[in-house]
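The structure file final_31.txt is reproduced below (compact mmCIF, N, CA and C atoms).
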# COMPACT_ATOMS: atom_id res chain seq x y z
N SER A 8 -58.58 40.02 13.13
CA SER A 8 -58.19 39.66 11.78
C SER A 8 -59.18 38.64 11.22
N THR A 9 -59.09 38.41 9.95
CA THR A 9 -60.00 37.48 9.28
C THR A 9 -59.87 36.06 9.83
N HIS A 10 -58.65 35.62 10.12
CA HIS A 10 -58.44 34.26 10.64
C HIS A 10 -59.11 34.07 11.99
N TRP A 11 -58.96 35.06 12.88
CA TRP A 11 -59.59 34.96 14.20
C TRP A 11 -61.10 34.97 14.08
N ASP A 12 -61.63 35.79 13.16
CA ASP A 12 -63.08 35.83 12.94
C ASP A 12 -63.59 34.48 12.43
N LEU A 13 -62.83 33.87 11.54
CA LEU A 13 -63.20 32.55 11.04
C LEU A 13 -63.25 31.54 12.17
N LEU A 14 -62.20 31.51 12.99
CA LEU A 14 -62.16 30.58 14.12
C LEU A 14 -63.29 30.84 15.11
N ALA A 15 -63.55 32.12 15.40
CA ALA A 15 -64.60 32.48 16.36
C ALA A 15 -65.97 32.06 15.85
N GLY A 16 -66.15 31.97 14.55
CA GLY A 16 -67.43 31.61 13.97
C GLY A 16 -67.68 30.12 13.86
N LEU A 17 -66.68 29.32 14.17
CA LEU A 17 -66.85 27.87 14.07
C LEU A 17 -67.68 27.34 15.24
N PRO A 18 -68.46 26.30 15.00
CA PRO A 18 -69.25 25.71 16.10
C PRO A 18 -68.35 24.98 17.09
N LEU A 19 -68.82 24.85 18.34
CA LEU A 19 -68.06 24.11 19.36
C LEU A 19 -68.08 22.62 19.10
N SER A 20 -69.10 22.15 18.41
CA SER A 20 -69.19 20.73 18.11
C SER A 20 -69.94 20.54 16.80
N ARG A 21 -69.87 19.32 16.32
CA ARG A 21 -70.55 19.01 15.06
C ARG A 21 -70.97 17.55 15.09
N SER A 22 -72.20 17.28 14.68
CA SER A 22 -72.70 15.92 14.52
C SER A 22 -72.83 15.62 13.05
N VAL A 23 -72.42 14.42 12.66
CA VAL A 23 -72.46 14.02 11.26
C VAL A 23 -73.06 12.63 11.19
N GLU A 24 -74.07 12.46 10.35
CA GLU A 24 -74.59 11.12 10.10
C GLU A 24 -73.85 10.58 8.89
N ILE A 25 -73.28 9.39 9.04
CA ILE A 25 -72.43 8.86 7.98
C ILE A 25 -73.10 7.77 7.16
N GLY A 26 -74.34 7.48 7.45
CA GLY A 26 -75.05 6.43 6.74
C GLY A 26 -75.32 5.25 7.65
N ASN A 27 -76.24 4.43 7.25
CA ASN A 27 -76.64 3.26 8.04
C ASN A 27 -77.07 3.66 9.45
N GLY A 28 -77.49 4.90 9.62
CA GLY A 28 -77.93 5.37 10.93
C GLY A 28 -76.80 5.63 11.91
N LYS A 29 -75.57 5.54 11.48
CA LYS A 29 -74.40 5.77 12.34
C LYS A 29 -74.12 7.26 12.45
N LYS A 30 -73.78 7.68 13.66
CA LYS A 30 -73.53 9.10 13.91
C LYS A 30 -72.15 9.30 14.52
N LEU A 31 -71.49 10.34 14.06
CA LEU A 31 -70.19 10.77 14.56
C LEU A 31 -70.37 12.15 15.18
N PHE A 32 -69.88 12.34 16.40
CA PHE A 32 -69.92 13.62 17.08
C PHE A 32 -68.47 14.08 17.26
N VAL A 33 -68.18 15.32 16.88
CA VAL A 33 -66.82 15.85 16.95
C VAL A 33 -66.83 17.14 17.77
N CYS A 34 -65.87 17.24 18.68
CA CYS A 34 -65.68 18.48 19.43
C CYS A 34 -64.20 18.57 19.81
N HIS A 35 -63.82 19.72 20.33
CA HIS A 35 -62.41 19.87 20.72
C HIS A 35 -62.13 19.16 22.04
N ALA A 36 -62.95 19.41 23.05
CA ALA A 36 -62.73 18.79 24.36
C ALA A 36 -64.03 18.25 24.95
N ALA A 37 -65.06 19.05 24.96
CA ALA A 37 -66.36 18.66 25.50
C ALA A 37 -67.44 19.29 24.62
N PRO A 38 -68.66 18.80 24.67
CA PRO A 38 -69.69 19.28 23.76
C PRO A 38 -69.95 20.79 23.80
N ASP A 39 -69.83 21.40 24.96
CA ASP A 39 -70.16 22.82 25.06
C ASP A 39 -69.01 23.68 25.56
N ASP A 40 -67.80 23.11 25.63
CA ASP A 40 -66.66 23.86 26.16
C ASP A 40 -65.37 23.28 25.57
N PRO A 41 -64.56 24.11 24.91
CA PRO A 41 -63.34 23.58 24.27
C PRO A 41 -62.16 23.40 25.21
N TRP A 42 -62.29 23.69 26.52
CA TRP A 42 -61.12 23.71 27.39
C TRP A 42 -61.03 22.65 28.49
N PRO A 43 -62.06 21.98 28.92
CA PRO A 43 -61.89 21.06 30.05
C PRO A 43 -61.05 19.84 29.68
N TYR A 44 -60.39 19.29 30.68
CA TYR A 44 -59.57 18.10 30.46
C TYR A 44 -60.37 16.86 30.83
N VAL A 45 -61.36 16.56 30.01
CA VAL A 45 -62.21 15.39 30.26
C VAL A 45 -61.96 14.29 29.24
N CYS A 46 -60.92 14.42 28.44
CA CYS A 46 -60.73 13.47 27.35
C CYS A 46 -59.37 12.78 27.41
N ALA A 47 -58.85 12.57 28.60
CA ALA A 47 -57.62 11.81 28.76
C ALA A 47 -57.93 10.31 28.73
N HIS A 48 -56.93 9.49 28.50
CA HIS A 48 -57.14 8.04 28.40
C HIS A 48 -57.57 7.43 29.74
N ASP A 49 -57.23 8.07 30.84
CA ASP A 49 -57.53 7.50 32.15
C ASP A 49 -58.60 8.27 32.93
N VAL A 50 -59.39 9.06 32.22
CA VAL A 50 -60.44 9.83 32.89
C VAL A 50 -61.49 8.88 33.46
N PRO A 51 -61.99 9.15 34.65
CA PRO A 51 -63.05 8.29 35.21
C PRO A 51 -64.29 8.29 34.31
N GLN A 52 -64.90 7.13 34.14
CA GLN A 52 -66.06 7.03 33.27
C GLN A 52 -67.21 7.91 33.74
N GLU A 53 -67.29 8.18 35.05
CA GLU A 53 -68.34 9.07 35.55
C GLU A 53 -68.20 10.47 34.95
N LEU A 54 -66.95 10.93 34.78
CA LEU A 54 -66.72 12.25 34.19
C LEU A 54 -67.11 12.25 32.71
N LEU A 55 -66.79 11.16 32.01
CA LEU A 55 -67.20 11.06 30.60
C LEU A 55 -68.72 11.06 30.49
N ARG A 56 -69.38 10.31 31.35
CA ARG A 56 -70.85 10.29 31.32
C ARG A 56 -71.43 11.67 31.60
N ALA A 57 -70.86 12.37 32.57
CA ALA A 57 -71.35 13.71 32.91
C ALA A 57 -71.13 14.68 31.75
N SER A 58 -70.03 14.55 31.03
CA SER A 58 -69.72 15.47 29.94
C SER A 58 -70.40 15.10 28.62
N PHE A 59 -70.53 13.81 28.33
CA PHE A 59 -71.00 13.36 27.01
C PHE A 59 -72.27 12.52 27.06
N GLY A 60 -72.86 12.36 28.22
CA GLY A 60 -74.00 11.47 28.38
C GLY A 60 -75.19 11.78 27.50
N GLU A 61 -75.40 13.04 27.18
CA GLU A 61 -76.54 13.44 26.35
C GLU A 61 -76.25 13.40 24.86
N VAL A 62 -75.02 13.12 24.48
CA VAL A 62 -74.65 13.12 23.07
C VAL A 62 -75.19 11.87 22.39
N ASP A 63 -75.95 12.08 21.33
CA ASP A 63 -76.52 10.99 20.54
C ASP A 63 -75.58 10.67 19.39
N ALA A 64 -74.64 9.75 19.63
CA ALA A 64 -73.67 9.39 18.60
C ALA A 64 -73.10 8.02 18.90
N ASP A 65 -72.63 7.36 17.86
CA ASP A 65 -71.96 6.08 18.00
C ASP A 65 -70.48 6.28 18.33
N VAL A 66 -69.90 7.32 17.73
CA VAL A 66 -68.49 7.65 17.98
C VAL A 66 -68.42 9.11 18.41
N ILE A 67 -67.68 9.35 19.47
CA ILE A 67 -67.43 10.70 19.97
C ILE A 67 -65.94 10.95 19.82
N ALA A 68 -65.59 11.92 18.98
CA ALA A 68 -64.19 12.21 18.68
C ALA A 68 -63.81 13.58 19.24
N TYR A 69 -62.64 13.63 19.86
CA TYR A 69 -62.12 14.88 20.44
C TYR A 69 -60.61 14.85 20.35
N GLY A 70 -59.94 15.91 20.78
CA GLY A 70 -58.49 15.91 20.64
C GLY A 70 -57.74 16.80 21.60
N HIS A 71 -58.38 17.42 22.54
CA HIS A 71 -57.76 18.42 23.41
C HIS A 71 -56.51 17.93 24.13
N MET A 72 -56.42 16.67 24.45
CA MET A 72 -55.28 16.14 25.20
C MET A 72 -54.08 15.80 24.30
N HIS A 73 -54.24 15.80 22.99
CA HIS A 73 -53.17 15.61 22.01
C HIS A 73 -52.55 14.22 22.03
N LYS A 74 -53.12 13.26 22.75
CA LYS A 74 -52.59 11.89 22.78
C LYS A 74 -53.71 10.95 22.37
N HIS A 75 -53.52 10.23 21.27
CA HIS A 75 -54.63 9.41 20.80
C HIS A 75 -54.84 8.17 21.65
N HIS A 76 -56.12 7.81 21.74
CA HIS A 76 -56.54 6.59 22.42
C HIS A 76 -57.98 6.30 22.02
N MET A 77 -58.41 5.10 22.36
CA MET A 77 -59.80 4.69 22.13
C MET A 77 -60.33 4.12 23.44
N LEU A 78 -61.61 4.34 23.68
CA LEU A 78 -62.25 3.83 24.88
C LEU A 78 -63.70 3.51 24.56
N TRP A 79 -64.11 2.29 24.81
CA TRP A 79 -65.51 1.92 24.66
C TRP A 79 -66.21 2.15 25.99
N MET A 80 -67.35 2.80 25.95
CA MET A 80 -68.18 2.94 27.13
C MET A 80 -69.60 2.63 26.69
N GLY A 81 -70.07 1.46 27.10
CA GLY A 81 -71.37 1.01 26.61
C GLY A 81 -71.27 0.78 25.13
N ASP A 82 -72.18 1.39 24.36
CA ASP A 82 -72.17 1.22 22.91
C ASP A 82 -71.54 2.41 22.19
N LYS A 83 -70.85 3.29 22.94
CA LYS A 83 -70.21 4.46 22.34
C LYS A 83 -68.69 4.29 22.34
N LEU A 84 -68.09 4.68 21.23
CA LEU A 84 -66.64 4.68 21.12
C LEU A 84 -66.15 6.11 21.34
N PHE A 85 -65.31 6.31 22.35
CA PHE A 85 -64.67 7.59 22.59
C PHE A 85 -63.30 7.53 21.95
N LEU A 86 -62.99 8.54 21.16
CA LEU A 86 -61.80 8.50 20.33
C LEU A 86 -61.05 9.83 20.42
N ASN A 87 -59.86 9.80 21.00
CA ASN A 87 -59.02 10.99 20.98
C ASN A 87 -58.20 10.93 19.71
N VAL A 88 -58.39 11.91 18.84
CA VAL A 88 -57.77 11.87 17.52
C VAL A 88 -56.34 12.41 17.51
N ALA A 89 -55.89 12.97 18.65
CA ALA A 89 -54.52 13.42 18.87
C ALA A 89 -54.26 14.81 18.30
N SER A 90 -53.04 15.04 17.86
CA SER A 90 -52.62 16.37 17.40
C SER A 90 -51.59 16.23 16.31
N VAL A 91 -51.81 16.93 15.23
CA VAL A 91 -50.85 16.87 14.12
C VAL A 91 -49.59 17.64 14.47
N GLY A 92 -49.72 18.71 15.24
CA GLY A 92 -48.57 19.48 15.70
C GLY A 92 -48.50 19.45 17.21
N LEU A 93 -47.49 20.07 17.76
CA LEU A 93 -47.29 20.13 19.21
C LEU A 93 -47.22 18.74 19.84
N GLY A 94 -46.70 17.78 19.09
CA GLY A 94 -46.59 16.43 19.61
C GLY A 94 -45.38 16.23 20.49
N ALA A 95 -45.43 15.23 21.32
CA ALA A 95 -44.32 14.92 22.20
C ALA A 95 -43.18 14.28 21.41
N ALA A 96 -41.97 14.65 21.75
CA ALA A 96 -40.76 14.02 21.19
C ALA A 96 -40.71 14.07 19.66
N GLY A 97 -41.27 15.13 19.07
CA GLY A 97 -41.20 15.27 17.63
C GLY A 97 -42.04 14.27 16.86
N LEU A 98 -43.09 13.74 17.51
CA LEU A 98 -44.00 12.83 16.82
C LEU A 98 -45.35 13.51 16.64
N SER A 99 -45.82 13.48 15.43
CA SER A 99 -47.14 13.98 15.12
C SER A 99 -48.09 12.79 15.10
N ALA A 100 -49.26 12.93 15.73
CA ALA A 100 -50.19 11.82 15.82
C ALA A 100 -51.51 12.20 15.16
N TYR A 101 -52.11 11.25 14.48
CA TYR A 101 -53.41 11.50 13.87
C TYR A 101 -54.19 10.19 13.78
N THR A 102 -55.49 10.33 13.53
CA THR A 102 -56.39 9.19 13.52
C THR A 102 -57.18 9.16 12.23
N LEU A 103 -57.36 7.98 11.70
CA LEU A 103 -58.21 7.76 10.53
C LEU A 103 -59.37 6.88 10.99
N LEU A 104 -60.59 7.38 10.85
CA LEU A 104 -61.80 6.66 11.24
C LEU A 104 -62.61 6.38 9.98
N GLN A 105 -62.99 5.11 9.80
CA GLN A 105 -63.79 4.72 8.65
C GLN A 105 -64.89 3.77 9.11
N ASN A 106 -65.95 3.70 8.33
CA ASN A 106 -67.02 2.76 8.62
C ASN A 106 -67.26 1.92 7.37
N PHE A 107 -67.03 0.61 7.51
CA PHE A 107 -67.25 -0.33 6.41
C PHE A 107 -68.26 -1.36 6.87
N ASP A 108 -69.28 -1.57 6.08
CA ASP A 108 -70.29 -2.59 6.39
C ASP A 108 -70.77 -2.51 7.83
N ASN A 109 -71.03 -1.27 8.26
CA ASN A 109 -71.56 -1.02 9.60
C ASN A 109 -70.57 -1.36 10.72
N ARG A 110 -69.27 -1.39 10.41
CA ARG A 110 -68.23 -1.64 11.40
C ARG A 110 -67.23 -0.49 11.36
N TRP A 111 -66.82 -0.06 12.54
CA TRP A 111 -65.85 1.02 12.63
C TRP A 111 -64.44 0.47 12.47
N VAL A 112 -63.65 1.16 11.70
CA VAL A 112 -62.23 0.85 11.56
C VAL A 112 -61.46 2.10 11.99
N VAL A 113 -60.64 1.93 13.02
CA VAL A 113 -59.87 3.05 13.57
C VAL A 113 -58.40 2.73 13.39
N GLN A 114 -57.68 3.66 12.78
CA GLN A 114 -56.23 3.53 12.65
C GLN A 114 -55.62 4.78 13.26
N GLN A 115 -54.67 4.58 14.16
CA GLN A 115 -54.00 5.71 14.79
C GLN A 115 -52.51 5.62 14.45
N PHE A 116 -51.97 6.76 14.04
CA PHE A 116 -50.60 6.81 13.53
C PHE A 116 -49.77 7.83 14.29
N GLN A 117 -48.47 7.60 14.30
CA GLN A 117 -47.50 8.58 14.76
C GLN A 117 -46.41 8.66 13.70
N VAL A 118 -46.08 9.87 13.30
CA VAL A 118 -45.03 10.07 12.32
C VAL A 118 -44.12 11.20 12.80
N PRO A 119 -42.83 11.12 12.49
CA PRO A 119 -41.91 12.18 12.93
C PRO A 119 -42.15 13.47 12.15
N TYR A 120 -41.88 14.57 12.80
CA TYR A 120 -41.92 15.87 12.15
C TYR A 120 -40.85 16.75 12.78
N ASP A 121 -40.57 17.86 12.16
CA ASP A 121 -39.52 18.76 12.62
C ASP A 121 -40.07 19.68 13.70
N ALA A 122 -39.94 19.28 14.96
CA ALA A 122 -40.48 20.05 16.08
C ALA A 122 -39.79 21.40 16.21
N ALA A 123 -38.51 21.46 15.92
CA ALA A 123 -37.78 22.74 16.01
C ALA A 123 -38.32 23.73 14.98
N GLU A 124 -38.61 23.25 13.78
CA GLU A 124 -39.17 24.14 12.75
C GLU A 124 -40.57 24.59 13.14
N GLU A 125 -41.38 23.69 13.69
CA GLU A 125 -42.71 24.08 14.14
C GLU A 125 -42.61 25.15 15.22
N SER A 126 -41.70 24.98 16.16
CA SER A 126 -41.52 25.97 17.22
C SER A 126 -41.11 27.32 16.64
N ARG A 127 -40.20 27.31 15.68
CA ARG A 127 -39.77 28.54 15.04
C ARG A 127 -40.94 29.24 14.35
N LEU A 128 -41.75 28.47 13.63
CA LEU A 128 -42.89 29.05 12.92
C LEU A 128 -43.93 29.60 13.90
N ILE A 129 -44.18 28.90 14.99
CA ILE A 129 -45.14 29.37 15.99
C ILE A 129 -44.69 30.71 16.54
N LYS A 130 -43.41 30.82 16.90
CA LYS A 130 -42.88 32.07 17.46
C LYS A 130 -42.90 33.19 16.42
N SER A 131 -42.48 32.88 15.20
CA SER A 131 -42.39 33.91 14.17
C SER A 131 -43.77 34.43 13.75
N ARG A 132 -44.79 33.63 13.91
CA ARG A 132 -46.14 34.03 13.52
C ARG A 132 -46.99 34.52 14.69
N GLY A 133 -46.41 34.50 15.89
CA GLY A 133 -47.12 35.01 17.06
C GLY A 133 -48.31 34.17 17.47
N VAL A 134 -48.23 32.88 17.27
CA VAL A 134 -49.34 31.99 17.64
C VAL A 134 -49.40 31.87 19.16
N PRO A 135 -50.55 32.18 19.75
CA PRO A 135 -50.65 32.07 21.22
C PRO A 135 -50.70 30.61 21.65
N LEU A 136 -49.99 30.29 22.70
CA LEU A 136 -49.99 28.94 23.24
C LEU A 136 -50.60 28.96 24.63
N PRO A 137 -51.22 27.84 25.02
CA PRO A 137 -51.84 27.79 26.36
C PRO A 137 -50.80 27.89 27.46
Could you take the file, read its structure, and then write that structure out as structure tokens?
Amino acid sequence: STHWDLLAGLPLSRSVEIGNGKKLFVCHAAPDDPWPYVCAHDVPQELLRASFGEVDADVIAYGHMHKHHMLWMGDKLFLNVASVGLGAAGLSAYTLLQNFDNRWVVQQFQVPYDAAEESRLIKSRGVPLP
């Protein structure tokens, strides 16, 4: 279908320069693979270095684990942006990242949503789940 074709055509990652020489790198889980679990809050730093060591960015944002957190490693900020849907206990989580005067401002939020309605919509639309 057209939706699957659109998704299949998206890049695995994206780098964005936001000004002042600051770079943001975005991916689902890892730079070249959307499925590994290398982005949990308690992942060993050696695994992060192995997965993201070659990434030239000030902030590395991902979301595969669906739980937001921040982790500084050297001069890089690792940021799990969470998940708007499929949240635990009916909470949707999201992250707002901004750069003001060469400083990063990160705000992470949780807001309630109707998990039962989301489940109904997922089933009725045949959305595949992992």
Item checked: Top pick for closest residue to A:Val66, considering A:Met80, A:Val88, A:Leu54, A:Leu31 and counting only C-alpha atoms -> A:Leu31
Next item on the list: Measuring atom to atom with only C-alpha atoms, identify which of A:Met77, A:Ala100, A:Val91, A:Ala64 is nearest to A:Glu24.
Entry: A:Ala64
Item checked: Distance criterion (only C-alpha atoms): nearest to A:Asp108 out of A:Lys29, A:Lys74, A:Arg132, A:His48 ->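 Of the candidates, the smallest distance to A:Asp108 is held by A:Lys29.
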Next item on the list: Would you list the contacts of A:Phe85 as a PyMOL selection string, taking every protein, DNA or RNA residue within 7 Å and counting only N, CA and C atoms, but skipping same-chain residues closer than 3 positions in sequence?
Entry: chain A and resi 65-69+76-80
Next item on the list: For each of A:Gln115, A:Ser126, A:Ser131, A:Asn109, take the minimum atom-to-atom distance to A:Asn27, counting only N, CA and C atoms, then give the residue where this is smallest.
Entry: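 The answer is A:Asn109, which sits nearest to A:Asn27.
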Residues near A:Val62, anyone? I mean within 8 Å using all atoms listed in the file, not counting same-chain ones fewer than 4 positions away, as a PDB file with N, CA and C atoms, in the frame of the given file.
ATOM      1  N   PHE A  32     -69.880  12.340  16.400  1.00  0.00           N
ATOM      2  CA  PHE A  32     -69.920  13.620  17.080  1.00  0.00           C
ATOM      3  C   PHE A  32     -68.470  14.080  17.260  1.00  0.00           C
ATOM      4  N   PRO A  38     -68.660  18.800  24.670  1.00  0.00           N
ATOM      5  CA  PRO A  38     -69.690  19.280  23.760  1.00  0.00           C
ATOM      6  C   PRO A  38     -69.950  20.790  23.800  1.00  0.00           C
ATOM      7  N   SER A  58     -70.030  14.550  31.030  1.00  0.00           N
ATOM      8  CA  SER A  58     -69.720  15.470  29.940  1.00  0.00           C
ATOM      9  C   SER A  58     -70.400  15.100  28.620  1.00  0.00           C
TER      10      SER A  58
END
Notebook entry, point to check: So which residues touch A:Gly97 within 7 Å, counting only C-alpha atoms, skipping near sequence neighbours fewer than 3 positions away, as a ChimeraX atom specification?
Noted result: /A:94,119-122
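Interatomic distance, atom CA of A:Val33 against atom CA of A:Leu86: 9.5 Å.
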Margin query: I'd like the neighbourhood of A:Asp39 as a list in words, where a residue qualifies if any of its atoms comes within 10 Å (using only C-alpha atoms), though same-chain residues fewer than 2 positions away should be ignored.
Written below: Pro18, Leu19, Ser20, Cys34, His35, Ala36, Ala37, Pro41, Trp42, Pro43, Ser58 and Phe59 of chain A
